[in-house]
file final-v6.pdb (PDB, C-alpha atoms and all ligand atoms)
ATOM      1  CA  MET A   1       0.000   0.000   0.000
ATOM      2  CA  LYS A   2       1.097   3.532  -0.701
ATOM      3  CA  ALA A   3       0.345   6.640   1.326
ATOM      4  CA  GLU A   4       1.837  10.106   1.658
ATOM      5  CA  PRO A   5       4.425  10.298   4.477
ATOM      6  CA  ALA A   6       2.334  13.083   6.072
ATOM      7  CA  ASP A   7      -0.734  10.815   6.059
ATOM      8  CA  GLN A   8       1.299   8.004   7.608
ATOM      9  CA  LYS A   9       2.393  10.374  10.379
ATOM     10  CA  ARG A  10      -1.216  11.413  10.872
ATOM     11  CA  LEU A  11      -1.860   7.747  11.693
ATOM     12  CA  LEU A  12       0.413   8.158  14.723
ATOM     13  CA  ASP A  13      -1.790  11.040  15.955
ATOM     14  CA  LEU A  14      -4.826   8.837  15.431
ATOM     15  CA  GLN A  15      -3.179   5.997  17.327
ATOM     16  CA  GLU A  16      -2.367   8.341  20.187
ATOM     17  CA  VAL A  17      -5.940   9.580  20.480
ATOM     18  CA  ASP A  18      -7.351   6.057  20.124
ATOM     19  CA  SER A  19      -5.075   4.825  22.920
ATOM     20  CA  ARG A  20      -6.236   7.727  25.052
ATOM     21  CA  ILE A  21      -9.906   6.886  24.399
ATOM     22  CA  ARG A  22      -9.183   3.270  25.313
ATOM     23  CA  LEU A  23      -7.452   4.300  28.546
ATOM     24  CA  LEU A  24     -10.251   6.686  29.544
ATOM     25  CA  THR A  25     -12.929   4.075  28.788
ATOM     26  CA  HIS A  26     -11.039   1.539  30.895
ATOM     27  CA  ARG A  27     -10.660   4.082  33.696
ATOM     28  CA  LEU A  28     -14.395   4.773  33.606
ATOM     29  CA  ARG A  29     -15.176   1.061  33.907
ATOM     30  CA  THR A  30     -12.704   0.426  36.719
ATOM     31  CA  LEU A  31     -13.107   3.473  38.944
ATOM     32  CA  PRO A  32     -11.952   2.588  42.488
ATOM     33  CA  GLU A  33     -14.957   4.592  43.733
ATOM     34  CA  THR A  34     -17.289   2.105  42.030
ATOM     35  CA  VAL A  35     -15.743  -0.798  43.941
ATOM     36  CA  GLU A  36     -15.951   1.258  47.138
ATOM     37  CA  VAL A  37     -19.624   2.114  46.499
ATOM     38  CA  GLN A  38     -20.413  -1.589  46.039
ATOM     39  CA  ARG A  39     -18.569  -2.472  49.242
ATOM     40  CA  LEU A  40     -20.419   0.197  51.227
ATOM     41  CA  GLU A  41     -23.806  -0.778  49.761
ATOM     42  CA  GLY A  42     -23.122  -4.328  50.921
ATOM     43  CA  ARG A  43     -22.127  -3.078  54.356
ATOM     44  CA  VAL A  44     -25.258  -0.918  54.742
ATOM     45  CA  SER A  45     -27.437  -3.851  53.698
ATOM     46  CA  GLU A  46     -25.715  -6.187  56.220
ATOM     47  CA  LEU A  47     -26.118  -3.618  58.977
ATOM     48  CA  ARG A  48     -29.817  -3.165  58.164
ATOM     49  CA  ASP A  49     -30.335  -6.923  58.394
ATOM     50  CA  ALA A  50     -28.502  -7.003  61.726
ATOM     51  CA  LYS A  51     -30.621  -4.087  62.987
ATOM     52  CA  ALA A  52     -33.838  -5.856  61.953
ATOM     53  CA  ALA A  53     -32.680  -8.972  63.836
ATOM     54  CA  ALA A  54     -31.846  -6.810  66.885
ATOM     55  CA  ALA A  55     -35.347  -5.254  66.740
ATOM     56  CA  THR A  56     -36.903  -8.734  66.688
ATOM     57  CA  ARG A  57     -34.770  -9.759  69.693
ATOM     58  CA  LEU A  58     -35.854  -6.590  71.482
ATOM     59  CA  GLY A  59     -39.537  -7.389  70.860
ATOM     60  CA  ASP A  60     -39.047 -10.960  72.125
ATOM     61  CA  LEU A  61     -37.364  -9.662  75.290
ATOM     62  CA  ASP A  62     -40.174  -7.129  75.834
ATOM     63  CA  ARG A  63     -42.675  -9.970  75.809
ATOM     64  CA  GLU A  64     -40.424 -12.103  78.014
ATOM     65  CA  GLN A  65     -40.135  -9.248  80.513
ATOM     66  CA  ARG A  66     -43.905  -8.660  80.639
ATOM     67  CA  LYS A  67     -44.458 -12.392  81.151
ATOM     68  CA  ALA A  68     -41.889 -12.539  83.982
ATOM     69  CA  GLU A  69     -43.418  -9.449  85.621
ATOM     70  CA  SER A  70     -46.902 -10.941  85.422
ATOM     71  CA  ASP A  71     -45.563 -14.184  87.003
ATOM     72  CA  VAL A  72     -44.229 -12.094  89.909
ATOM     73  CA  ASP A  73     -47.595 -10.309  90.238
ATOM     74  CA  GLN A  74     -49.497 -13.593  90.378
ATOM     75  CA  VAL A  75     -47.274 -15.056  93.098
ATOM     76  CA  ARG A  76     -47.385 -11.806  95.061
ATOM     77  CA  ALA A  77     -51.198 -11.655  94.815
ATOM     78  CA  ARG A  78     -51.528 -15.219  96.027
ATOM     79  CA  ALA A  79     -49.183 -14.584  98.964
ATOM     80  CA  GLU A  80     -51.244 -11.488  99.822
ATOM     81  CA  ARG A  81     -54.470 -13.494  99.796
ATOM     82  CA  ASP A  82     -52.890 -16.101 102.065
ATOM     83  CA  ASN A  83     -51.659 -13.356 104.407
ATOM     84  CA  GLN A  84     -55.123 -11.789 104.547
ATOM     85  CA  ARG A  85     -56.677 -15.135 105.475
ATOM     86  CA  LEU A  86     -54.052 -15.592 108.127
ATOM     87  CA  ASN A  87     -54.458 -12.103 109.577
ATOM     88  CA  ALA A  88     -58.239 -12.261 109.484
ATOM     89  CA  GLY A  89     -58.056 -15.154 111.919
ATOM     90  CA  GLN A  90     -60.204 -17.301 109.680
ATOM     91  CA  VAL A  91     -57.958 -20.314 110.012
ATOM     92  CA  SER A  92     -58.327 -22.212 113.261
ATOM     93  CA  SER A  93     -57.021 -25.682 112.521
ATOM     94  CA  PRO A  94     -53.326 -25.842 113.457
ATOM     95  CA  LYS A  95     -52.689 -28.158 110.557
ATOM     96  CA  GLU A  96     -54.271 -25.713 108.101
ATOM     97  CA  LEU A  97     -52.372 -22.864 109.750
ATOM     98  CA  GLU A  98     -49.113 -24.673 109.290
ATOM     99  CA  ARG A  99     -49.918 -25.433 105.661
ATOM    100  CA  LEU A 100     -50.763 -21.788 105.008
ATOM    101  CA  GLN A 101     -47.566 -20.494 106.660
ATOM    102  CA  SER A 102     -45.507 -22.964 104.715
ATOM    103  CA  GLU A 103     -47.215 -21.907 101.484
ATOM    104  CA  ILE A 104     -46.559 -18.237 102.232
ATOM    105  CA  ALA A 105     -42.861 -18.973 102.843
ATOM    106  CA  SER A 106     -42.663 -20.941  99.634
ATOM    107  CA  LEU A 107     -44.452 -18.172  97.688
ATOM    108  CA  HIS A 108     -41.914 -15.637  99.003
ATOM    109  CA  ARG A 109     -39.059 -17.809  97.809
ATOM    110  CA  ARG A 110     -40.778 -18.223  94.469
ATOM    111  CA  GLN A 111     -41.322 -14.458  94.216
ATOM    112  CA  THR A 112     -37.606 -13.796  94.860
ATOM    113  CA  GLU A 113     -36.662 -16.284  92.157
ATOM    114  CA  LEU A 114     -39.106 -14.732  89.692
ATOM    115  CA  GLU A 115     -37.880 -11.218  90.474
ATOM    116  CA  GLU A 116     -34.388 -12.388  89.611
ATOM    117  CA  VAL A 117     -35.725 -13.658  86.317
ATOM    118  CA  VAL A 118     -37.237 -10.195  85.672
ATOM    119  CA  LEU A 119     -33.887  -8.522  86.451
ATOM    120  CA  GLU A 120     -32.012 -10.930  84.223
ATOM    121  CA  VAL A 121     -34.443 -10.321  81.328
ATOM    122  CA  MET A 122     -34.177  -6.545  81.863
ATOM    123  CA  GLU A 123     -30.389  -6.780  81.656
ATOM    124  CA  ARG A 124     -30.596  -8.730  78.417
ATOM    125  CA  ARG A 125     -33.134  -6.227  77.099
ATOM    126  CA  GLU A 126     -30.795  -3.322  77.930
ATOM    127  CA  ALA A 127     -27.939  -5.052  76.092
ATOM    128  CA  ALA A 128     -30.204  -5.673  73.091
ATOM    129  CA  ASP A 129     -31.350  -2.067  73.174
ATOM    130  CA  ALA A 130     -27.726  -0.836  73.210
ATOM    131  CA  GLU A 131     -26.883  -3.182  70.310
ATOM    132  CA  HIS A 132     -29.871  -1.861  68.348
ATOM    133  CA  ALA A 133     -28.774   1.753  68.940
ATOM    134  CA  ARG A 134     -25.153   0.915  68.047
ATOM    135  CA  LEU A 135     -26.259  -0.646  64.754
ATOM    136  CA  GLN A 136     -28.382   2.406  63.942
ATOM    137  CA  LYS A 137     -25.302   4.646  64.454
ATOM    138  CA  GLU A 138     -23.185   2.361  62.277
ATOM    139  CA  ILE A 139     -25.824   2.467  59.535
ATOM    140  CA  GLU A 140     -25.838   6.255  59.637
ATOM    141  CA  ALA A 141     -22.028   6.370  59.456
ATOM    142  CA  ALA A 142     -21.912   3.877  56.559
ATOM    143  CA  GLU A 143     -24.650   5.762  54.694
ATOM    144  CA  ALA A 144     -22.796   9.054  55.108
ATOM    145  CA  GLU A 145     -19.597   7.423  53.836
ATOM    146  CA  LEU A 146     -21.523   5.904  50.908
ATOM    147  CA  GLU A 147     -22.946   9.283  49.993
ATOM    148  CA  ALA A 148     -19.480  10.886  50.068
ATOM    149  CA  VAL A 149     -17.994   8.148  47.857
ATOM    150  CA  GLU A 150     -20.932   8.405  45.439
ATOM    151  CA  GLU A 151     -20.262  12.125  45.143
ATOM    152  CA  ARG A 152     -16.574  11.466  44.486
ATOM    153  CA  ARG A 153     -17.517   8.869  41.877
ATOM    154  CA  SER A 154     -19.899  11.254  40.120
ATOM    155  CA  ALA A 155     -17.235  13.959  40.022
ATOM    156  CA  ALA A 156     -14.691  11.491  38.597
ATOM    157  CA  VAL A 157     -17.190  10.286  35.988
ATOM    158  CA  VAL A 158     -17.941  13.854  34.909
ATOM    159  CA  ASP A 159     -14.194  14.594  34.502
ATOM    160  CA  ILE A 160     -13.464  11.422  32.546
ATOM    161  CA  GLU A 161     -16.517  11.837  30.336
ATOM    162  CA  ALA A 162     -15.445  15.388  29.504
ATOM    163  CA  ASP A 163     -11.957  14.121  28.552
ATOM    164  CA  LEU A 164     -13.535  11.314  26.528
ATOM    165  CA  ALA A 165     -15.802  13.711  24.666
ATOM    166  CA  SER A 166     -12.893  15.947  23.683
ATOM    167  CA  ALA A 167     -10.768  12.919  22.702
ATOM    168  CA  LYS A 168     -13.595  11.573  20.523
ATOM    169  CA  ASP A 169     -14.009  14.980  18.979
ATOM    170  CA  ARG A 170     -10.299  15.064  18.147
ATOM    171  CA  ARG A 171     -10.499  11.523  16.803
ATOM    172  CA  GLY A 172     -13.210  12.595  14.397
ATOM    173  CA  ARG A 173     -11.067  15.408  13.054
ATOM    174  CA  VAL A 174      -7.852  13.359  12.792
ATOM    175  CA  SER A 175      -9.448  10.307  11.191
ATOM    176  CA  ALA A 176     -11.096  12.518   8.557
ATOM    177  CA  GLU A 177      -7.576  13.456   7.419
ATOM    178  CA  VAL A 178      -6.399   9.879   6.908
ATOM    179  CA  PRO A 179      -6.995   8.300   3.463
ATOM    180  CA  GLU A 180      -9.704   5.658   3.488
ATOM    181  CA  ASP A 181      -7.609   2.608   2.540
ATOM    182  CA  LEU A 182      -4.930   3.455   5.120
ATOM    183  CA  LEU A 183      -7.611   4.022   7.764
ATOM    184  CA  ALA A 184      -9.224   0.678   6.922
ATOM    185  CA  LEU A 185      -5.905  -1.159   7.310
ATOM    186  CA  TYR A 186      -5.171   0.643  10.570
ATOM    187  CA  THR A 187      -8.668  -0.159  11.921
ATOM    188  CA  LYS A 188      -8.295  -3.841  11.014
ATOM    189  CA  LEU A 189      -4.840  -4.109  12.631
ATOM    190  CA  ARG A 190      -5.949  -2.230  15.724
ATOM    191  CA  ALA A 191      -8.793  -4.697  16.262
ATOM    192  CA  GLN A 192      -6.383  -7.564  15.693
ATOM    193  CA  TYR A 193      -3.387  -6.402  17.752
ATOM    194  CA  ASP A 194      -4.610  -5.217  21.135
ATOM    195  CA  GLY A 195      -5.672  -1.702  20.198
ATOM    196  CA  ILE A 196      -2.461  -0.725  18.400
ATOM    197  CA  GLY A 197      -2.568  -0.595  14.623
ATOM    198  CA  ALA A 198       0.272   1.812  13.887
ATOM    199  CA  ALA A 199       3.599   2.374  15.611
ATOM    200  CA  MET A 200       6.518   4.691  15.173
ATOM    201  CA  LEU A 201       9.903   3.364  14.143
ATOM    202  CA  ARG A 202      11.952   5.034  16.821
ATOM    203  CA  TYR A 203      15.746   4.764  16.771
ATOM    204  CA  GLY A 204      15.627   1.394  15.058
ATOM    205  CA  ARG A 205      12.953  -0.005  17.363
ATOM    206  CA  CYS A 206       9.251  -0.702  16.682
ATOM    207  CA  GLU A 207       7.213   1.165  19.279
ATOM    208  CA  GLY A 208       4.398  -1.350  18.860
ATOM    209  CA  CYS A 209       6.228  -4.488  19.978
ATOM    210  CA  LYS A 210       9.291  -2.689  21.409
ATOM    211  CA  LEU A 211      11.619  -4.940  19.455
ATOM    212  CA  ALA A 212      14.766  -3.639  17.720
ATOM    213  CA  LEU A 213      14.810  -4.225  13.994
ATOM    214  CA  SER A 214      17.702  -6.168  12.514
ATOM    215  CA  THR A 215      20.345  -4.429  10.453
ATOM    216  CA  ALA A 216      18.948  -6.193   7.386
ATOM    217  CA  GLU A 217      15.414  -4.970   8.105
ATOM    218  CA  LEU A 218      16.645  -1.416   8.637
ATOM    219  CA  GLY A 219      18.591  -1.691   5.371
ATOM    220  CA  GLN A 220      15.391  -2.666   3.523
ATOM    221  CA  ILE A 221      13.520   0.210   5.102
ATOM    222  CA  ARG A 222      16.213   2.680   3.976
ATOM    223  CA  GLN A 223      15.735   1.395   0.445
ATOM    224  CA  ALA A 224      11.924   1.678   0.577
ATOM    225  CA  SER A 225      10.297   4.753  -0.919
ATOM    226  CA  ALA A 226       8.842   7.293   1.507
ATOM    227  CA  ASP A 227       5.238   6.630   0.436
ATOM    228  CA  GLU A 228       5.488   2.853   0.948
ATOM    229  CA  VAL A 229       3.350   1.748   3.911
ATOM    230  CA  LEU A 230       5.684  -0.476   5.933
ATOM    231  CA  ARG A 231       4.776  -3.222   8.400
ATOM    232  CA  CYS A 232       6.780  -4.450  11.381
ATOM    233  CA  GLU A 233       8.159  -7.939  10.655
ATOM    234  CA  ASP A 234       7.576  -8.951  14.243
ATOM    235  CA  CYS A 235       4.185  -7.538  15.271
ATOM    236  CA  ARG A 236       2.709  -6.871  11.783
ATOM    237  CA  ARG A 237       1.633  -3.352  12.716
ATOM    238  CA  ILE A 238       2.031  -0.382  10.386
ATOM    239  CA  LEU A 239       5.501   1.016  10.971
ATOM    240  CA  VAL A 240       5.718   4.780  10.509
ATOM    241  CA  ARG A 241       8.978   6.542   9.765
ATOM    242  CA  THR A 242       9.726   9.949  11.293
ATOM    243  CA  THR A 243      12.844  12.047  11.812
ATOM    244  CA  GLU A 244      13.382  10.060  15.026
ATOM    245  CA  SER A 245      13.508   6.714  13.245
ATOM    246  CA  GLY A 246      17.322   6.636  13.214
ATOM    247  CA  LEU A 247      17.588   5.708   9.550
TER     248      LEU A 247
HETATM  249 ZN    ZN A 301       6.535  -4.316  15.987
END

call {"tool": "encode", "arguments": {"input": "final-v6.pdb", "output": "structure tokens", "more": "lines below"}}
Ligand SMILES: [Zn+2]
result
Amino acid sequence: MKAEPADQKRLLDLQEVDSRIRLLTHRLRTLPETVEVQRLEGRVSELRDAKAAAATRLGDLDREQRKAESDVDQVRARAERDNQRLNAGQVSSPKELERLQSEIASLHRRQTELEEVVLEVMERREAADAEHARLQKEIEAAEAELEAVEERRSAAVVDIEADLASAKDRRGRVSAEVPEDLLALYTKLRAQYDGIGAAMLRYGRCEGCKLALSTAELGQIRQASADEVLRCEDCRRILVRTTESGL
């Protein structure tokens, strides 16, 4: 293929802008803020689940406490009834008297035990309450952090998209200056060879594959006419000569 040396050099400008577009697109896809947003969303969701479980525990303990308190009330009421009977002098049989006194003593012991149960449930309820409050604080902190990272991500996206838009604009202008057949070859090679279709021959080295050309290859290139479109023997990309080629 033949192409004006100036057109061949224009291909290097196109390659540069294409590489920049590729880099910016990659950067947009792999923003660290995106990973961080996902992590924080997961954390907020976990914390909300834990808070819901803590609220359920709290409800269970509320019921448990009310039940324990009502058990205490029942025992206390029965002991009071027994005491009233005793004090009213209604019981005359010594055997019945003894039974009643023994029941009152046993009800007092039972009441003490049940009051301990109430205290123990209240302690567990306080701990559950504190856990619930702690989780709520953690959720608020994680949500605030998430919001800050989302803002940072949006700002980064806006910057990169602005750079991308100007790079694409430049690409449009540069590619319009490259002859169609040369552009087609470049496009095909770029798709084939990892985004690089044209490379500069720089001081005897192909910038595409970074390999130094042999003396024989350089000799052939010196012989070639300036409008001959050359290809690297190693990576097959279009090899563009400039004043820095070292020929
Ligand atoms: Zn090469």

call {"tool": "resolve_selection", "arguments": {"input": "final-v6.pdb", "expression": "the PyMOL selection byres (((chain A and resi 178-191) around 8) and not hetatm)", "output": "list in words"}}
result
Met1, Ala3, Asp7, Gln8, Arg10, Leu11, Val174, Ser175, Ala176, Glu177, Gln192, Tyr193, Asp194, Gly195, Ile196, Gly197, Ala198, Arg237 and Ile238 of chain A

call {"tool": "atom_distance", "arguments": {"input": "final-v6.pdb", "atom1": "CA of Arg99 (chain A)", "atom2": "CA of Gln74 (chain A)"}}
result
19.3 Å

call {"tool": "residues_near_ligand", "arguments": {"input": "final-v6.pdb", "ligand": "ligand ZN 301 (chain A)", "cutoff": "12 Å", "atoms": "all atoms listed in the file", "output": "MDAnalysis selection string"}}
result
chainID A and resid 189 193 196:202 204:214 217 230:240

call {"tool": "atom_distance", "arguments": {"input": "final-v6.pdb", "atom1": "CA of Glu147 (chain A)", "atom2": "CA of Ala128 (chain A)"}}
result
28.5 Å

call {"tool": "atom_distance", "arguments": {"input": "final-v6.pdb", "atom1": "CA of Gly246 (chain A)", "atom2": "CA of Asp18 (chain A)"}}
result
25.6 Å

call {"tool": "resolve_selection", "arguments": {"input": "final-v6.pdb", "expression": "the PyMOL selection byres (((chain A and resi 225) around 12) and not hetatm)", "output": "PDB file with C-alpha atoms, in the frame of the given file"}}
result
ATOM      1  CA  MET A   1       0.000   0.000   0.000  1.00  0.00           C
ATOM      2  CA  LYS A   2       1.097   3.532  -0.701  1.00  0.00           C
ATOM      3  CA  ALA A   3       0.345   6.640   1.326  1.00  0.00           C
ATOM      4  CA  GLU A   4       1.837  10.106   1.658  1.00  0.00           C
ATOM      5  CA  PRO A   5       4.425  10.298   4.477  1.00  0.00           C
ATOM      6  CA  GLN A 220      15.391  -2.666   3.523  1.00  0.00           C
ATOM      7  CA  ILE A 221      13.520   0.210   5.102  1.00  0.00           C
ATOM      8  CA  ARG A 222      16.213   2.680   3.976  1.00  0.00           C
ATOM      9  CA  GLN A 223      15.735   1.395   0.445  1.00  0.00           C
ATOM     10  CA  ALA A 224      11.924   1.678   0.577  1.00  0.00           C
ATOM     11  CA  ALA A 226       8.842   7.293   1.507  1.00  0.00           C
ATOM     12  CA  ASP A 227       5.238   6.630   0.436  1.00  0.00           C
ATOM     13  CA  GLU A 228       5.488   2.853   0.948  1.00  0.00           C
ATOM     14  CA  VAL A 229       3.350   1.748   3.911  1.00  0.00           C
ATOM     15  CA  LEU A 230       5.684  -0.476   5.933  1.00  0.00           C
ATOM     16  CA  ARG A 241       8.978   6.542   9.765  1.00  0.00           C
TER      17      ARG A 241
END

call {"tool": "closest_atom_pairs", "arguments": {"input": "final-v6.pdb", "of": "region 130-155 of chain A", "to": "region 49-57 of chain A", "cutoff": "9 Å", "atoms": "all atoms listed in the file", "output": "tab-separated table"}}
result
residue	atom	partner	partner_atom	distance
A:Glu131	CA	A:Ala54	CA	7.0
A:His132	CA	A:Ala54	CA	5.5
A:Ala133	CA	A:Lys51	CA	8.5
A:Arg134	CA	A:Lys51	CA	9.0
A:Leu135	CA	A:Lys51	CA	5.8
A:Gln136	CA	A:Lys51	CA	6.9
A:Ile139	CA	A:Lys51	CA	8.8

call {"tool": "write_last_selection", "arguments": {"input": "final-v6.pdb", "atoms": "C-alpha atoms", "output": "PDB file, keeping the file's coordinate frame"}}
result
ATOM      1  CA  GLU A 131     -26.883  -3.182  70.310  1.00  0.00           C
ATOM      2  CA  HIS A 132     -29.871  -1.861  68.348  1.00  0.00           C
ATOM      3  CA  ALA A 133     -28.774   1.753  68.940  1.00  0.00           C
ATOM      4  CA  ARG A 134     -25.153   0.915  68.047  1.00  0.00           C
ATOM      5  CA  LEU A 135     -26.259  -0.646  64.754  1.00  0.00           C
ATOM      6  CA  GLN A 136     -28.382   2.406  63.942  1.00  0.00           C
ATOM      7  CA  ILE A 139     -25.824   2.467  59.535  1.00  0.00           C
TER       8      ILE A 139
END

call {"tool": "residues_around", "arguments": {"input": "final-v6.pdb", "residues": "region 118-125 of chain A", "least_positions_apart": "2", "cutoff": "8 Å", "atoms": "all atoms listed in the file", "output": "number ranges by chain"}}
result
A: 58, 61-62, 64-65, 68-69, 114-116, 127-129

call {"tool": "write_last_selection", "arguments": {"input": "final-v6.pdb", "atoms": "C-alpha atoms", "output": "compact mmCIF listing (two decimals), in the frame of the given file"}}
result
# COMPACT_ATOMS: atom_id res chain seq x y z
CA LEU A 58 -35.85 -6.59 71.48
CA LEU A 61 -37.36 -9.66 75.29
CA ASP A 62 -40.17 -7.13 75.83
CA GLU A 64 -40.42 -12.10 78.01
CA GLN A 65 -40.14 -9.25 80.51
CA ALA A 68 -41.89 -12.54 83.98
CA GLU A 69 -43.42 -9.45 85.62
CA LEU A 114 -39.11 -14.73 89.69
CA GLU A 115 -37.88 -11.22 90.47
CA GLU A 116 -34.39 -12.39 89.61
CA ALA A 127 -27.94 -5.05 76.09
CA ALA A 128 -30.20 -5.67 73.09
CA ASP A 129 -31.35 -2.07 73.17

call {"tool": "residues_around", "arguments": {"input": "final-v6.pdb", "residues": "region 30-46 of chain A", "least_positions_apart": "6", "cutoff": "7 Å", "atoms": "all atoms listed in the file", "output": "MDAnalysis selection string"}}
result
chainID A and resid 139 142:143 146 149:150 153

call {"tool": "closest_residue", "arguments": {"input": "final-v6.pdb", "among": "A:Leu28, A:Val17, A:Leu23, A:Ala88", "to": "Ala156 (chain A)", "atoms": "all atoms listed in the file"}}
result
A:Leu28

call {"tool": "closest_residue", "arguments": {"input": "final-v6.pdb", "among": "A:Tyr203, A:Ala216, A:Gln15, A:Glu98", "to": "Thr243 (chain A)", "atoms": "all atoms listed in the file"}}
result
A:Tyr203

call {"tool": "residues_around", "arguments": {"input": "final-v6.pdb", "residues": "Ile104 (chain A)", "least_positions_apart": "2", "cutoff": "9 Å", "atoms": "all atoms listed in the file", "output": "PyMOL selection string"}}
result
chain A and resi 78-80+82-83+99-102+106-109

call {"tool": "residues_around", "arguments": {"input": "final-v6.pdb", "residues": "Ile160 (chain A)", "least_positions_apart": "3", "cutoff": "9 Å", "atoms": "all atoms listed in the file", "output": "PDB file with C-alpha atoms, in the coordinates of the input"}}
result
ATOM      1  CA  LEU A  24     -10.251   6.686  29.544  1.00  0.00           C
ATOM      2  CA  THR A  25     -12.929   4.075  28.788  1.00  0.00           C
ATOM      3  CA  ARG A  27     -10.660   4.082  33.696  1.00  0.00           C
ATOM      4  CA  LEU A  28     -14.395   4.773  33.606  1.00  0.00           C
ATOM      5  CA  ALA A 155     -17.235  13.959  40.022  1.00  0.00           C
ATOM      6  CA  ALA A 156     -14.691  11.491  38.597  1.00  0.00           C
ATOM      7  CA  VAL A 157     -17.190  10.286  35.988  1.00  0.00           C
ATOM      8  CA  ASP A 163     -11.957  14.121  28.552  1.00  0.00           C
ATOM      9  CA  LEU A 164     -13.535  11.314  26.528  1.00  0.00           C
ATOM     10  CA  ALA A 165     -15.802  13.711  24.666  1.00  0.00           C
TER      11      ALA A 165
END

call {"tool": "build_atoms", "arguments": {"input": "final-v6.pdb", "residues": "region 118-131 of chain A", "atoms": "N, CA, C and O atoms", "output": "PDB file, in the coordinates of the input"}}
result
ATOM      1  N   VAL A 118     -36.894 -11.501  86.259  1.00  0.00           N
ATOM      2  CA  VAL A 118     -37.237 -10.195  85.672  1.00  0.00           C
ATOM      3  C   VAL A 118     -35.965  -9.355  85.481  1.00  0.00           C
ATOM      4  O   VAL A 118     -35.726  -8.792  84.406  1.00  0.00           O
ATOM      5  N   LEU A 119     -35.122  -9.315  86.534  1.00  0.00           N
ATOM      6  CA  LEU A 119     -33.887  -8.522  86.451  1.00  0.00           C
ATOM      7  C   LEU A 119     -32.978  -9.013  85.324  1.00  0.00           C
ATOM      8  O   LEU A 119     -32.415  -8.228  84.569  1.00  0.00           O
ATOM      9  N   GLU A 120     -32.896 -10.324  85.232  1.00  0.00           N
ATOM     10  CA  GLU A 120     -32.012 -10.930  84.223  1.00  0.00           C
ATOM     11  C   GLU A 120     -32.526 -10.586  82.811  1.00  0.00           C
ATOM     12  O   GLU A 120     -31.748 -10.226  81.922  1.00  0.00           O
ATOM     13  N   VAL A 121     -33.864 -10.664  82.631  1.00  0.00           N
ATOM     14  CA  VAL A 121     -34.443 -10.321  81.328  1.00  0.00           C
ATOM     15  C   VAL A 121     -34.224  -8.840  81.023  1.00  0.00           C
ATOM     16  O   VAL A 121     -33.887  -8.458  79.896  1.00  0.00           O
ATOM     17  N   MET A 122     -34.378  -7.978  82.065  1.00  0.00           N
ATOM     18  CA  MET A 122     -34.177  -6.545  81.863  1.00  0.00           C
ATOM     19  C   MET A 122     -32.743  -6.243  81.434  1.00  0.00           C
ATOM     20  O   MET A 122     -32.506  -5.393  80.562  1.00  0.00           O
ATOM     21  N   GLU A 123     -31.793  -6.981  82.041  1.00  0.00           N
ATOM     22  CA  GLU A 123     -30.389  -6.780  81.656  1.00  0.00           C
ATOM     23  C   GLU A 123     -30.162  -7.154  80.195  1.00  0.00           C
ATOM     24  O   GLU A 123     -29.492  -6.440  79.451  1.00  0.00           O
ATOM     25  N   ARG A 124     -30.754  -8.301  79.810  1.00  0.00           N
ATOM     26  CA  ARG A 124     -30.596  -8.730  78.417  1.00  0.00           C
ATOM     27  C   ARG A 124     -31.277  -7.735  77.472  1.00  0.00           C
ATOM     28  O   ARG A 124     -30.797  -7.464  76.378  1.00  0.00           O
ATOM     29  N   ARG A 125     -32.400  -7.192  77.918  1.00  0.00           N
ATOM     30  CA  ARG A 125     -33.134  -6.227  77.099  1.00  0.00           C
ATOM     31  C   ARG A 125     -32.312  -4.945  76.920  1.00  0.00           C
ATOM     32  O   ARG A 125     -32.254  -4.373  75.828  1.00  0.00           O
ATOM     33  N   GLU A 126     -31.650  -4.516  78.022  1.00  0.00           N
ATOM     34  CA  GLU A 126     -30.795  -3.322  77.930  1.00  0.00           C
ATOM     35  C   GLU A 126     -29.661  -3.530  76.942  1.00  0.00           C
ATOM     36  O   GLU A 126     -29.333  -2.649  76.149  1.00  0.00           O
ATOM     37  N   ALA A 127     -29.042  -4.741  77.004  1.00  0.00           N
ATOM     38  CA  ALA A 127     -27.939  -5.052  76.092  1.00  0.00           C
ATOM     39  C   ALA A 127     -28.446  -5.046  74.640  1.00  0.00           C
ATOM     40  O   ALA A 127     -27.786  -4.507  73.743  1.00  0.00           O
ATOM     41  N   ALA A 128     -29.641  -5.626  74.444  1.00  0.00           N
ATOM     42  CA  ALA A 128     -30.204  -5.673  73.091  1.00  0.00           C
ATOM     43  C   ALA A 128     -30.544  -4.267  72.594  1.00  0.00           C
ATOM     44  O   ALA A 128     -30.355  -3.944  71.420  1.00  0.00           O
ATOM     45  N   ASP A 129     -31.013  -3.445  73.503  1.00  0.00           N
ATOM     46  CA  ASP A 129     -31.350  -2.067  73.174  1.00  0.00           C
ATOM     47  C   ASP A 129     -30.085  -1.301  72.744  1.00  0.00           C
ATOM     48  O   ASP A 129     -30.091  -0.562  71.752  1.00  0.00           O
ATOM     49  N   ALA A 130     -28.995  -1.504  73.520  1.00  0.00           N
ATOM     50  CA  ALA A 130     -27.726  -0.836  73.210  1.00  0.00           C
ATOM     51  C   ALA A 130     -27.205  -1.307  71.850  1.00  0.00           C
ATOM     52  O   ALA A 130     -26.709  -0.510  71.045  1.00  0.00           O
ATOM     53  N   GLU A 131     -27.333  -2.608  71.586  1.00  0.00           N
ATOM     54  CA  GLU A 131     -26.883  -3.182  70.310  1.00  0.00           C
ATOM     55  C   GLU A 131     -27.687  -2.570  69.144  1.00  0.00           C
ATOM     56  O   GLU A 131     -27.128  -2.195  68.115  1.00  0.00           O
TER      57      GLU A 131
END
